file run_0.pdb (PDB, C-alpha atoms and all ligand atoms)
MODEL        1
ATOM      1  CA  MET R 456       0.000   0.000   0.000  1.00  0.00           C
ATOM      2  CA  GLY R 457       1.357   3.433  -0.930  1.00  0.00           C
ATOM      3  CA  VAL R 458       2.325   5.746   1.913  1.00  0.00           C
ATOM      4  CA  LEU R 459      -0.037   8.472   0.748  1.00  0.00           C
ATOM      5  CA  VAL R 460      -2.962   6.078   0.619  1.00  0.00           C
ATOM      6  CA  LEU R 461      -2.212   4.762   4.082  1.00  0.00           C
ATOM      7  CA  ASN R 462      -1.778   8.212   5.610  1.00  0.00           C
ATOM      8  CA  SER R 463      -5.076   9.504   4.362  1.00  0.00           C
ATOM      9  CA  LEU R 464      -7.128   6.354   4.780  1.00  0.00           C
ATOM     10  CA  SER R 465      -7.993   6.895   8.450  1.00  0.00           C
ATOM     11  CA  GLN R 466      -9.063  10.477   7.734  1.00  0.00           C
ATOM     12  CA  PHE R 467     -11.272   9.268   4.894  1.00  0.00           C
ATOM     13  CA  LEU R 468     -12.876   6.630   7.137  1.00  0.00           C
ATOM     14  CA  ARG R 469     -13.556   9.284   9.786  1.00  0.00           C
ATOM     15  CA  ASP R 470     -15.123  11.587   7.205  1.00  0.00           C
ATOM     16  CA  TYR R 471     -17.244   8.786   5.725  1.00  0.00           C
ATOM     17  CA  PRO R 472     -18.065   6.418   8.605  1.00  0.00           C
ATOM     18  CA  GLY R 473     -20.367   4.306   6.414  1.00  0.00           C
ATOM     19  CA  MET R 474     -17.357   3.170   4.394  1.00  0.00           C
ATOM     20  CA  SER R 475     -14.891   0.493   5.410  1.00  0.00           C
ATOM     21  CA  THR R 476     -11.966  -1.361   3.891  1.00  0.00           C
ATOM     22  CA  ALA R 477     -12.772  -4.603   2.101  1.00  0.00           C
ATOM     23  CA  PRO R 478     -10.763  -7.442   0.589  1.00  0.00           C
ATOM     24  CA  CYS R 479      -9.393  -6.407  -2.771  1.00  0.00           C
ATOM     25  CA  SER R 480      -8.308  -8.457  -5.746  1.00  0.00           C
ATOM     26  CA  ASP R 481      -6.377  -5.597  -7.343  1.00  0.00           C
ATOM     27  CA  ALA R 482      -3.194  -4.117  -5.901  1.00  0.00           C
ATOM     28  CA  GLY R 483      -4.348  -1.296  -3.700  1.00  0.00           C
ATOM     29  CA  VAL R 484      -7.087  -0.587  -1.220  1.00  0.00           C
ATOM     30  CA  CYS R 485     -10.752  -1.351  -1.656  1.00  0.00           C
ATOM     31  CA  LEU R 486     -13.364   0.678   0.191  1.00  0.00           C
ATOM     32  CA  ARG R 487     -16.986  -0.329   0.353  1.00  0.00           C
ATOM     33  CA  GLY R 488     -20.127   0.896   2.010  1.00  0.00           C
ATOM     34  CA  LYS R 489     -22.514   3.778   2.257  1.00  0.00           C
ATOM     35  CA  PHE R 490     -20.968   7.038   1.192  1.00  0.00           C
ATOM     36  CA  ARG R 491     -22.926   9.845   2.764  1.00  0.00           C
ATOM     37  CA  PHE R 492     -22.248  13.437   1.822  1.00  0.00           C
ATOM     38  CA  LYS R 493     -23.702  16.848   2.376  1.00  0.00           C
ATOM     39  CA  ALA R 494     -22.854  19.524  -0.145  1.00  0.00           C
ATOM     40  CA  ASP R 495     -24.072  22.729  -1.640  1.00  0.00           C
ATOM     41  CA  VAL R 496     -23.094  24.658  -4.674  1.00  0.00           C
ATOM     42  CA  SER R 497     -23.667  28.404  -4.733  1.00  0.00           C
ATOM     43  CA  GLY R 498     -27.117  29.124  -6.069  1.00  0.00           C
ATOM     44  CA  ASN R 499     -28.247  25.500  -5.724  1.00  0.00           C
ATOM     45  CA  ASP R 500     -29.833  23.594  -2.843  1.00  0.00           C
ATOM     46  CA  GLU R 501     -27.892  21.798  -0.195  1.00  0.00           C
ATOM     47  CA  ILE R 502     -28.062  18.085  -0.835  1.00  0.00           C
ATOM     48  CA  ASP R 503     -27.693  15.416   1.830  1.00  0.00           C
ATOM     49  CA  ASP R 504     -27.648  12.041   0.149  1.00  0.00           C
ATOM     50  CA  SER R 505     -25.893   8.702   0.130  1.00  0.00           C
ATOM     51  CA  TYR R 506     -24.777   6.085  -2.379  1.00  0.00           C
ATOM     52  CA  LYS R 507     -23.498   2.573  -1.929  1.00  0.00           C
ATOM     53  CA  LEU R 508     -20.030   2.652  -3.418  1.00  0.00           C
ATOM     54  CA  GLU R 509     -17.035   0.508  -4.089  1.00  0.00           C
ATOM     55  CA  ILE R 510     -13.834   2.503  -4.451  1.00  0.00           C
ATOM     56  CA  VAL R 511     -10.652   0.818  -5.605  1.00  0.00           C
ATOM     57  CA  VAL R 512      -7.634   2.956  -4.783  1.00  0.00           C
ATOM     58  CA  PRO R 513      -4.566   1.817  -6.738  1.00  0.00           C
ATOM     59  CA  ASP R 514      -1.185   1.526  -5.055  1.00  0.00           C
ATOM     60  CA  LYS R 515       0.128   4.275  -7.271  1.00  0.00           C
ATOM     61  CA  PHE R 516      -2.473   6.798  -6.119  1.00  0.00           C
ATOM     62  CA  PRO R 517      -2.310   9.805  -6.516  1.00  0.00           C
ATOM     63  CA  GLN R 518      -0.400   9.176  -9.767  1.00  0.00           C
ATOM     64  CA  ALA R 519      -3.098   6.684 -10.727  1.00  0.00           C
ATOM     65  CA  LEU R 520      -6.750   7.450 -10.170  1.00  0.00           C
ATOM     66  CA  PRO R 521      -9.222   5.460  -8.048  1.00  0.00           C
ATOM     67  CA  LYS R 522     -12.049   3.598  -9.782  1.00  0.00           C
ATOM     68  CA  VAL R 523     -15.503   4.012  -8.306  1.00  0.00           C
ATOM     69  CA  LYS R 524     -18.596   1.863  -8.822  1.00  0.00           C
ATOM     70  CA  GLU R 525     -22.066   2.478  -7.472  1.00  0.00           C
ATOM     71  CA  THR R 526     -23.426  -0.807  -6.170  1.00  0.00           C
ATOM     72  CA  GLY R 527     -26.892   0.193  -4.926  1.00  0.00           C
ATOM     73  CA  GLY R 528     -28.513   0.517  -8.362  1.00  0.00           C
ATOM     74  CA  LYS R 529     -29.489   4.131  -7.724  1.00  0.00           C
ATOM     75  CA  ILE R 530     -27.633   5.693 -10.640  1.00  0.00           C
ATOM     76  CA  PRO R 531     -29.001   4.793 -14.085  1.00  0.00           C
ATOM     77  CA  ARG R 532     -26.297   2.927 -15.975  1.00  0.00           C
ATOM     78  CA  ASP R 533     -25.899   5.180 -18.937  1.00  0.00           C
ATOM     79  CA  GLY R 534     -23.914   7.996 -20.442  1.00  0.00           C
ATOM     80  CA  ASN R 535     -26.559  10.552 -19.411  1.00  0.00           C
ATOM     81  CA  PHE R 536     -25.432   9.903 -15.852  1.00  0.00           C
ATOM     82  CA  HIS R 537     -21.777   9.482 -16.814  1.00  0.00           C
ATOM     83  CA  VAL R 538     -21.559   5.798 -16.038  1.00  0.00           C
ATOM     84  CA  ASN R 539     -18.962   3.984 -18.154  1.00  0.00           C
ATOM     85  CA  GLN R 540     -19.669   0.694 -19.901  1.00  0.00           C
ATOM     86  CA  ASP R 541     -17.638  -1.231 -17.322  1.00  0.00           C
ATOM     87  CA  GLY R 542     -19.862   0.206 -14.574  1.00  0.00           C
ATOM     88  CA  THR R 543     -17.272   2.662 -13.230  1.00  0.00           C
ATOM     89  CA  LEU R 544     -18.384   6.223 -12.676  1.00  0.00           C
ATOM     90  CA  CYS R 545     -17.099   8.853 -15.093  1.00  0.00           C
ATOM     91  CA  LEU R 546     -16.048  11.513 -12.597  1.00  0.00           C
ATOM     92  CA  GLY R 547     -14.497  13.750 -15.225  1.00  0.00           C
ATOM     93  CA  SER R 548     -11.830  13.698 -17.910  1.00  0.00           C
ATOM     94  CA  PRO R 549      -8.628  11.918 -16.796  1.00  0.00           C
ATOM     95  CA  LEU R 550      -6.457  15.047 -17.049  1.00  0.00           C
ATOM     96  CA  ARG R 551      -8.981  17.132 -15.094  1.00  0.00           C
ATOM     97  CA  LEU R 552      -9.149  14.478 -12.356  1.00  0.00           C
ATOM     98  CA  LEU R 553      -5.366  14.224 -12.288  1.00  0.00           C
ATOM     99  CA  ARG R 554      -5.083  17.986 -11.760  1.00  0.00           C
ATOM    100  CA  LYS R 555      -7.754  17.966  -9.037  1.00  0.00           C
ATOM    101  CA  VAL R 556      -6.113  15.078  -7.220  1.00  0.00           C
ATOM    102  CA  HIS R 557      -2.716  16.746  -7.573  1.00  0.00           C
ATOM    103  CA  SER R 558      -4.049  19.833  -5.762  1.00  0.00           C
ATOM    104  CA  ALA R 559      -5.043  17.677  -2.746  1.00  0.00           C
ATOM    105  CA  PRO R 560      -3.190  14.368  -3.141  1.00  0.00           C
ATOM    106  CA  ASN R 561      -4.970  12.238  -0.565  1.00  0.00           C
ATOM    107  CA  LEU R 562      -8.195  10.260  -0.223  1.00  0.00           C
ATOM    108  CA  PRO R 563     -10.259  12.988   1.492  1.00  0.00           C
ATOM    109  CA  GLY R 564      -9.121  15.332  -1.313  1.00  0.00           C
ATOM    110  CA  PHE R 565     -10.241  12.850  -3.960  1.00  0.00           C
ATOM    111  CA  ALA R 566     -13.615  12.448  -2.211  1.00  0.00           C
ATOM    112  CA  ASP R 567     -14.056  16.172  -1.823  1.00  0.00           C
ATOM    113  CA  LYS R 568     -12.908  17.363  -5.253  1.00  0.00           C
ATOM    114  CA  CYS R 569     -13.822  14.493  -7.567  1.00  0.00           C
ATOM    115  CA  LEU R 570     -16.433  12.251  -6.016  1.00  0.00           C
ATOM    116  CA  VAL R 571     -18.763  14.560  -4.087  1.00  0.00           C
ATOM    117  CA  PRO R 572     -19.202  17.048  -6.979  1.00  0.00           C
ATOM    118  CA  TYR R 573     -20.154  14.155  -9.275  1.00  0.00           C
ATOM    119  CA  LEU R 574     -22.600  12.639  -6.766  1.00  0.00           C
ATOM    120  CA  TYR R 575     -24.063  16.056  -6.058  1.00  0.00           C
ATOM    121  CA  ALA R 576     -24.739  16.471  -9.766  1.00  0.00           C
ATOM    122  CA  VAL R 577     -26.296  12.999  -9.981  1.00  0.00           C
ATOM    123  CA  SER R 578     -28.579  13.621  -6.983  1.00  0.00           C
ATOM    124  CA  TYR R 579     -29.570  16.980  -8.408  1.00  0.00           C
ATOM    125  CA  LYS R 580     -30.366  15.442 -11.790  1.00  0.00           C
ATOM    126  CA  LEU R 581     -32.343  12.592 -10.183  1.00  0.00           C
ATOM    127  CA  MET R 582     -34.421  15.154  -8.266  1.00  0.00           C
ATOM    128  CA  HIS R 583     -34.855  17.859 -10.869  1.00  0.00           C
ATOM    129  CA  GLY R 584     -33.996  16.304 -14.235  1.00  0.00           C
ATOM    130  CA  GLY R 585     -32.138  18.395 -16.789  1.00  0.00           C
ATOM    131  CA  ASP R 586     -28.385  18.568 -17.294  1.00  0.00           C
ATOM    132  CA  PHE R 587     -25.602  18.042 -14.810  1.00  0.00           C
ATOM    133  CA  VAL R 588     -25.162  21.154 -12.670  1.00  0.00           C
ATOM    134  CA  PHE R 589     -21.457  21.528 -13.375  1.00  0.00           C
ATOM    135  CA  GLY R 590     -21.390  22.601 -17.043  1.00  0.00           C
ATOM    136  CA  GLU R 591     -21.895  19.246 -18.637  1.00  0.00           C
ATOM    137  CA  LEU R 592     -19.326  17.704 -20.919  1.00  0.00           C
ATOM    138  CA  ALA R 593     -20.444  15.120 -23.451  1.00  0.00           C
ATOM    139  CA  HIS R 594     -19.861  11.623 -22.121  1.00  0.00           C
ATOM    140  CA  GLY R 595     -17.013   9.846 -23.844  1.00  0.00           C
ATOM    141  CA  ASP R 596     -14.245  10.794 -26.195  1.00  0.00           C
ATOM    142  CA  GLN R 597     -15.615  14.098 -27.455  1.00  0.00           C
ATOM    143  CA  GLY R 598     -16.234  15.385 -23.905  1.00  0.00           C
ATOM    144  CA  ILE R 599     -12.649  14.541 -23.005  1.00  0.00           C
ATOM    145  CA  VAL R 600     -11.275  16.364 -26.027  1.00  0.00           C
ATOM    146  CA  ASP R 601     -13.472  19.406 -25.298  1.00  0.00           C
ATOM    147  CA  ASP R 602     -12.251  19.486 -21.723  1.00  0.00           C
ATOM    148  CA  TYR R 603      -8.577  19.132 -22.713  1.00  0.00           C
ATOM    149  CA  SER R 604      -8.979  21.813 -25.309  1.00  0.00           C
ATOM    150  CA  VAL R 605     -10.037  24.232 -22.540  1.00  0.00           C
ATOM    151  CA  MET R 606      -7.339  23.057 -20.129  1.00  0.00           C
ATOM    152  CA  LEU R 607      -4.558  23.300 -22.704  1.00  0.00           C
ATOM    153  CA  GLY R 608      -5.853  26.355 -24.524  1.00  0.00           C
ATOM    154  CA  LEU R 609      -5.811  24.540 -27.884  1.00  0.00           C
ATOM    155  CA  LYS R 610      -8.689  24.859 -30.339  1.00  0.00           C
ATOM    156  CA  GLU R 611      -8.518  21.879 -32.671  1.00  0.00           C
ATOM    157  CA  ARG R 612      -8.766  18.228 -31.824  1.00  0.00           C
ATOM    158  CA  PRO R 613      -5.538  17.231 -33.659  1.00  0.00           C
ATOM    159  CA  GLN R 614      -3.651  19.828 -31.602  1.00  0.00           C
ATOM    160  CA  VAL R 615      -5.056  18.360 -28.388  1.00  0.00           C
ATOM    161  CA  THR R 616      -4.212  14.821 -29.481  1.00  0.00           C
ATOM    162  CA  GLN R 617      -0.684  15.918 -30.373  1.00  0.00           C
ATOM    163  CA  ALA R 618      -0.198  17.638 -26.996  1.00  0.00           C
ATOM    164  CA  ILE R 619      -1.212  14.504 -25.064  1.00  0.00           C
ATOM    165  CA  GLN R 620       1.053  12.411 -27.307  1.00  0.00           C
ATOM    166  CA  LEU R 621       3.966  14.752 -26.485  1.00  0.00           C
ATOM    167  CA  LEU R 622       3.276  14.240 -22.759  1.00  0.00           C
ATOM    168  CA  GLY R 623       3.577  10.521 -23.419  1.00  0.00           C
ATOM    169  CA  ILE R 624       7.222  10.838 -24.509  1.00  0.00           C
ATOM    170  CA  LYS R 625      10.267  12.108 -22.618  1.00  0.00           C
ATOM    171  CA  LYS R 626      10.550  15.858 -22.249  1.00  0.00           C
ATOM    172  CA  ARG R 627      13.948  16.022 -23.966  1.00  0.00           C
ATOM    173  CA  ILE R 628      12.601  14.284 -27.065  1.00  0.00           C
ATOM    174  CA  ALA R 629       9.228  16.042 -27.025  1.00  0.00           C
ATOM    175  CA  ASN R 630      10.915  19.443 -26.977  1.00  0.00           C
ATOM    176  CA  LYS R 631      12.441  18.721 -30.385  1.00  0.00           C
ATOM    177  CA  ARG R 632       9.070  17.963 -31.964  1.00  0.00           C
ATOM    178  CA  PRO R 633       6.805  20.582 -33.574  1.00  0.00           C
ATOM    179  CA  CYS R 634       4.757  22.551 -31.048  1.00  0.00           C
ATOM    180  CA  PRO R 635       1.017  21.769 -31.070  1.00  0.00           C
ATOM    181  CA  CYS R 636       0.011  25.412 -30.541  1.00  0.00           C
ATOM    182  CA  GLY R 637       0.479  26.242 -34.209  1.00  0.00           C
ATOM    183  CA  CYS R 638       3.427  28.616 -33.747  1.00  0.00           C
ATOM    184  CA  GLY R 639       5.513  26.699 -36.285  1.00  0.00           C
ATOM    185  CA  LYS R 640       8.424  26.344 -33.841  1.00  0.00           C
ATOM    186  CA  ARG R 641       9.610  23.281 -32.044  1.00  0.00           C
ATOM    187  CA  LEU R 642       7.971  22.720 -28.648  1.00  0.00           C
ATOM    188  CA  GLY R 643      11.093  23.588 -26.644  1.00  0.00           C
ATOM    189  CA  ALA R 644      11.284  26.999 -28.346  1.00  0.00           C
ATOM    190  CA  CYS R 645       7.668  27.954 -27.565  1.00  0.00           C
ATOM    191  CA  PRO R 646       6.313  29.062 -24.171  1.00  0.00           C
ATOM    192  CA  PHE R 647       3.631  26.382 -24.622  1.00  0.00           C
ATOM    193  CA  HIS R 648       6.138  23.860 -23.241  1.00  0.00           C
ATOM    194  CA  HIS R 649       5.682  25.433 -19.796  1.00  0.00           C
ATOM    195  CA  LYS R 650       2.034  24.461 -19.893  1.00  0.00           C
ATOM    196  CA  LEU R 651       2.871  20.854 -20.722  1.00  0.00           C
ATOM    197  CA  ASN R 652       5.556  20.784 -18.038  1.00  0.00           C
ATOM    198  CA  GLU R 653       2.945  21.661 -15.399  1.00  0.00           C
ATOM    199  CA  PHE R 654       1.163  18.420 -16.280  1.00  0.00           C
ATOM    200  CA  ARG R 655       4.411  16.469 -16.408  1.00  0.00           C
ATOM    201  CA  LYS R 656       4.861  17.202 -12.705  1.00  0.00           C
ATOM    202  CA  MET R 657       1.589  15.433 -11.925  1.00  0.00           C
ATOM    203  CA  ALA R 658       2.174  12.030 -13.487  1.00  0.00           C
ATOM    204  CA  PRO R 659       4.879   9.967 -15.175  1.00  0.00           C
ATOM    205  CA  VAL R 660       5.234   9.711 -18.958  1.00  0.00           C
ATOM    206  CA  SER R 661       3.577   6.266 -18.809  1.00  0.00           C
ATOM    207  CA  TRP R 662       0.360   7.775 -17.426  1.00  0.00           C
ATOM    208  CA  PHE R 663      -0.026  10.116 -20.402  1.00  0.00           C
ATOM    209  CA  LYS R 664       0.914   7.348 -22.781  1.00  0.00           C
ATOM    210  CA  ALA R 665      -1.878   5.214 -21.318  1.00  0.00           C
ATOM    211  CA  HIS R 666      -4.346   8.096 -21.705  1.00  0.00           C
ATOM    212  CA  ALA R 667      -3.388   9.017 -25.260  1.00  0.00           C
ATOM    213  CA  LEU R 668      -6.351  10.113 -27.335  1.00  0.00           C
ATOM    214  CA  ASN R 669      -7.404   8.205 -30.342  1.00  0.00           C
ATOM    215  CA  ASP R 670      -7.336  10.312 -33.463  1.00  0.00           C
ATOM    216  CA  ARG R 671      -9.312   7.754 -35.456  1.00  0.00           C
ATOM    217  CA  ASN R 672     -12.546   8.606 -33.641  1.00  0.00           C
ATOM    218  CA  ARG R 673     -12.413  12.150 -34.882  1.00  0.00           C
ATOM    219  CA  ILE R 674     -15.857  13.675 -35.007  1.00  0.00           C
TER     220      ILE R 674
HETATM  221 ZN    ZN Q 701     -18.825  10.958 -18.756  1.00  0.00          ZN
HETATM  222 ZN    ZN Q 702       3.931  26.870 -29.848  1.00  0.00          ZN
ENDMDL
END
call {"tool": "encode", "arguments": {"input": "run_0.pdb", "output": "structure tokens"}}
result
Amino acid sequence: MGVLVLNSLSQFLRDYPGMSTAPCSDAGVCLRGKFRFKADVSGNDEIDDSYKLEIVVPDKFPQALPKVKETGGKIPRDGNFHVNQDGTLCLGSPLRLLRKVHSAPNLPGFADKCLVPYLYAVSYKLMHGGDFVFGELAHGDQGIVDDYSVMLGLKERPQVTQAIQLLGIKKRIANKRPCPCGCGKRLGACPFHHKLNEFRKMAPVSWFKAHALNDRNRI
């Protein structure tokens, strides 16, 4: 078990007393039980609700992200509710989640910044219908590209794909490649490389390689 996971586990269990550790087949920590939260978002109602969850926290957390499943059958299993085909909850685009987790790299931080906002939006949608309350992204590939485009400040999908590909190779080599911002220079000669380096601090090259975007599904 990673030191960071261990250090923040007891705090998480105090914050969410309905949850407890459970046997886990994957390397990491498995948490199961009733996840009760109370949250409000400015301008919207306070919501006090609970979901039965199974959270698998990988050993490499926070450089790898936890996987969360809802086991109580309360969340409709479809893209409208951001549930992936394998039953895991789509808490946001991988890069967005990575950045959130990086800003508070422990389990209570993950719960607070990634999980509760998602569950709040689900509860709100179950009660009132309509879209997710946090500016909804499309579920799936296009939503991810749209989100990355905002985070990276790049307009076109090929630019976004190229930027993520550059994060998936070593900095020294990436800096010799053409910059995705459209400046016509190599990456190392453009200030855009600072933006990519911010993300490099959050995860190893292998993480970005594993999250490379597929250009074939271009819409
Ligand atoms: Zn989604
Ligand atoms: Zn550039």
call {"tool": "residues_near_ligand", "arguments": {"input": "run_0.pdb", "ligand": "ligand ZN 701 (chain Q)", "cutoff": "12 Å", "atoms": "all atoms listed in the file", "output": "PDB file with C-alpha atoms, in the coordinates of the input"}}
result
ATOM      1  CA  ARG R 532     -26.297   2.927 -15.975  1.00  0.00           C
ATOM      2  CA  ASP R 533     -25.899   5.180 -18.937  1.00  0.00           C
ATOM      3  CA  GLY R 534     -23.914   7.996 -20.442  1.00  0.00           C
ATOM      4  CA  ASN R 535     -26.559  10.552 -19.411  1.00  0.00           C
ATOM      5  CA  PHE R 536     -25.432   9.903 -15.852  1.00  0.00           C
ATOM      6  CA  HIS R 537     -21.777   9.482 -16.814  1.00  0.00           C
ATOM      7  CA  VAL R 538     -21.559   5.798 -16.038  1.00  0.00           C
ATOM      8  CA  ASN R 539     -18.962   3.984 -18.154  1.00  0.00           C
ATOM      9  CA  GLN R 540     -19.669   0.694 -19.901  1.00  0.00           C
ATOM     10  CA  GLY R 542     -19.862   0.206 -14.574  1.00  0.00           C
ATOM     11  CA  THR R 543     -17.272   2.662 -13.230  1.00  0.00           C
ATOM     12  CA  LEU R 544     -18.384   6.223 -12.676  1.00  0.00           C
ATOM     13  CA  CYS R 545     -17.099   8.853 -15.093  1.00  0.00           C
ATOM     14  CA  LEU R 546     -16.048  11.513 -12.597  1.00  0.00           C
ATOM     15  CA  GLY R 547     -14.497  13.750 -15.225  1.00  0.00           C
ATOM     16  CA  SER R 548     -11.830  13.698 -17.910  1.00  0.00           C
ATOM     17  CA  PRO R 549      -8.628  11.918 -16.796  1.00  0.00           C
ATOM     18  CA  TYR R 573     -20.154  14.155  -9.275  1.00  0.00           C
ATOM     19  CA  VAL R 577     -26.296  12.999  -9.981  1.00  0.00           C
ATOM     20  CA  PHE R 587     -25.602  18.042 -14.810  1.00  0.00           C
ATOM     21  CA  GLU R 591     -21.895  19.246 -18.637  1.00  0.00           C
ATOM     22  CA  LEU R 592     -19.326  17.704 -20.919  1.00  0.00           C
ATOM     23  CA  ALA R 593     -20.444  15.120 -23.451  1.00  0.00           C
ATOM     24  CA  HIS R 594     -19.861  11.623 -22.121  1.00  0.00           C
ATOM     25  CA  GLY R 595     -17.013   9.846 -23.844  1.00  0.00           C
ATOM     26  CA  ASP R 596     -14.245  10.794 -26.195  1.00  0.00           C
ATOM     27  CA  GLN R 597     -15.615  14.098 -27.455  1.00  0.00           C
ATOM     28  CA  GLY R 598     -16.234  15.385 -23.905  1.00  0.00           C
ATOM     29  CA  ILE R 599     -12.649  14.541 -23.005  1.00  0.00           C
ATOM     30  CA  VAL R 600     -11.275  16.364 -26.027  1.00  0.00           C
ATOM     31  CA  ASP R 601     -13.472  19.406 -25.298  1.00  0.00           C
ATOM     32  CA  ASP R 602     -12.251  19.486 -21.723  1.00  0.00           C
TER      33      ASP R 602
END
call {"tool": "residues_near_ligand", "arguments": {"input": "run_0.pdb", "ligand": "ligand ZN 702 (chain Q)", "cutoff": "9 Å", "atoms": "only C-alpha atoms and all ligand atoms", "output": "list in words"}}
result
Pro633, Cys634, Pro635, Cys636, Gly637, Cys638, Gly639, Lys640, Arg641, Leu642, Gly643, Ala644, Cys645, Pro646, Phe647 and His648 of chain R
call {"tool": "closest_residue", "arguments": {"input": "run_0.pdb", "among": "R:Pro521, R:Pro472, R:Pro613, R:Pro572", "to": "Ala494 in chain R", "atoms": "only C-alpha atoms"}}
result
R:Pro572
call {"tool": "closest_residue", "arguments": {"input": "run_0.pdb", "among": "R:Lys631, R:Arg491, R:Arg655, R:His666", "to": "Phe467 in chain R", "atoms": "only C-alpha atoms"}}
result
R:Arg491
call {"tool": "closest_residue", "arguments": {"input": "run_0.pdb", "among": "R:Leu550, R:Leu581, R:Leu668, R:Phe663", "to": "Val615 in chain R", "atoms": "only C-alpha atoms"}}
result
R:Leu668
call {"tool": "atom_distance", "arguments": {"input": "run_0.pdb", "atom1": "CA of Arg487 in chain R", "atom2": "CA of Pro563 in chain R"}}
result
15.0 Å
call {"tool": "resolve_selection", "arguments": {"input": "run_0.pdb", "expression": "the PyMOL selection byres (((chain R and resi 566) around 10) and not hetatm)", "output": "MDAnalysis selection string"}}
result
chainID R and resid 467 470:471 490 492 556 561:565 567:573
call {"tool": "resolve_selection", "arguments": {"input": "run_0.pdb", "expression": "the PyMOL selection byres (((chain R and resi 607) around 10) and not hetatm)", "output": "PDB file with C-alpha atoms, in the coordinates of the input"}}
result
ATOM      1  CA  ASP R 602     -12.251  19.486 -21.723  1.00  0.00           C
ATOM      2  CA  TYR R 603      -8.577  19.132 -22.713  1.00  0.00           C
ATOM      3  CA  SER R 604      -8.979  21.813 -25.309  1.00  0.00           C
ATOM      4  CA  VAL R 605     -10.037  24.232 -22.540  1.00  0.00           C
ATOM      5  CA  MET R 606      -7.339  23.057 -20.129  1.00  0.00           C
ATOM      6  CA  GLY R 608      -5.853  26.355 -24.524  1.00  0.00           C
ATOM      7  CA  LEU R 609      -5.811  24.540 -27.884  1.00  0.00           C
ATOM      8  CA  LYS R 610      -8.689  24.859 -30.339  1.00  0.00           C
ATOM      9  CA  GLN R 614      -3.651  19.828 -31.602  1.00  0.00           C
ATOM     10  CA  VAL R 615      -5.056  18.360 -28.388  1.00  0.00           C
ATOM     11  CA  ALA R 618      -0.198  17.638 -26.996  1.00  0.00           C
ATOM     12  CA  ILE R 619      -1.212  14.504 -25.064  1.00  0.00           C
ATOM     13  CA  CYS R 636       0.011  25.412 -30.541  1.00  0.00           C
ATOM     14  CA  PHE R 647       3.631  26.382 -24.622  1.00  0.00           C
ATOM     15  CA  LYS R 650       2.034  24.461 -19.893  1.00  0.00           C
ATOM     16  CA  LEU R 651       2.871  20.854 -20.722  1.00  0.00           C
ATOM     17  CA  PHE R 654       1.163  18.420 -16.280  1.00  0.00           C
TER      18      PHE R 654
END
call {"tool": "atom_distance", "arguments": {"input": "run_0.pdb", "atom1": "CA of Val523 in chain R", "atom2": "CA of Lys493 in chain R"}}
result
18.6 Å
call {"tool": "resolve_selection", "arguments": {"input": "run_0.pdb", "expression": "the PyMOL selection byres (((chain R and resi 476) around 6) and not hetatm)", "output": "count of residues only"}}
result
4
call {"tool": "atom_distance", "arguments": {"input": "run_0.pdb", "atom1": "CA of Gly488 in chain R", "atom2": "CA of Met474 in chain R"}}
result
4.3 Å
call {"tool": "closest_residue", "arguments": {"input": "run_0.pdb", "among": "R:Asn630, R:Pro531, R:Val512, R:Val660", "to": "Ser480 in chain R", "atoms": "all atoms listed in the file"}}
result
R:Val512
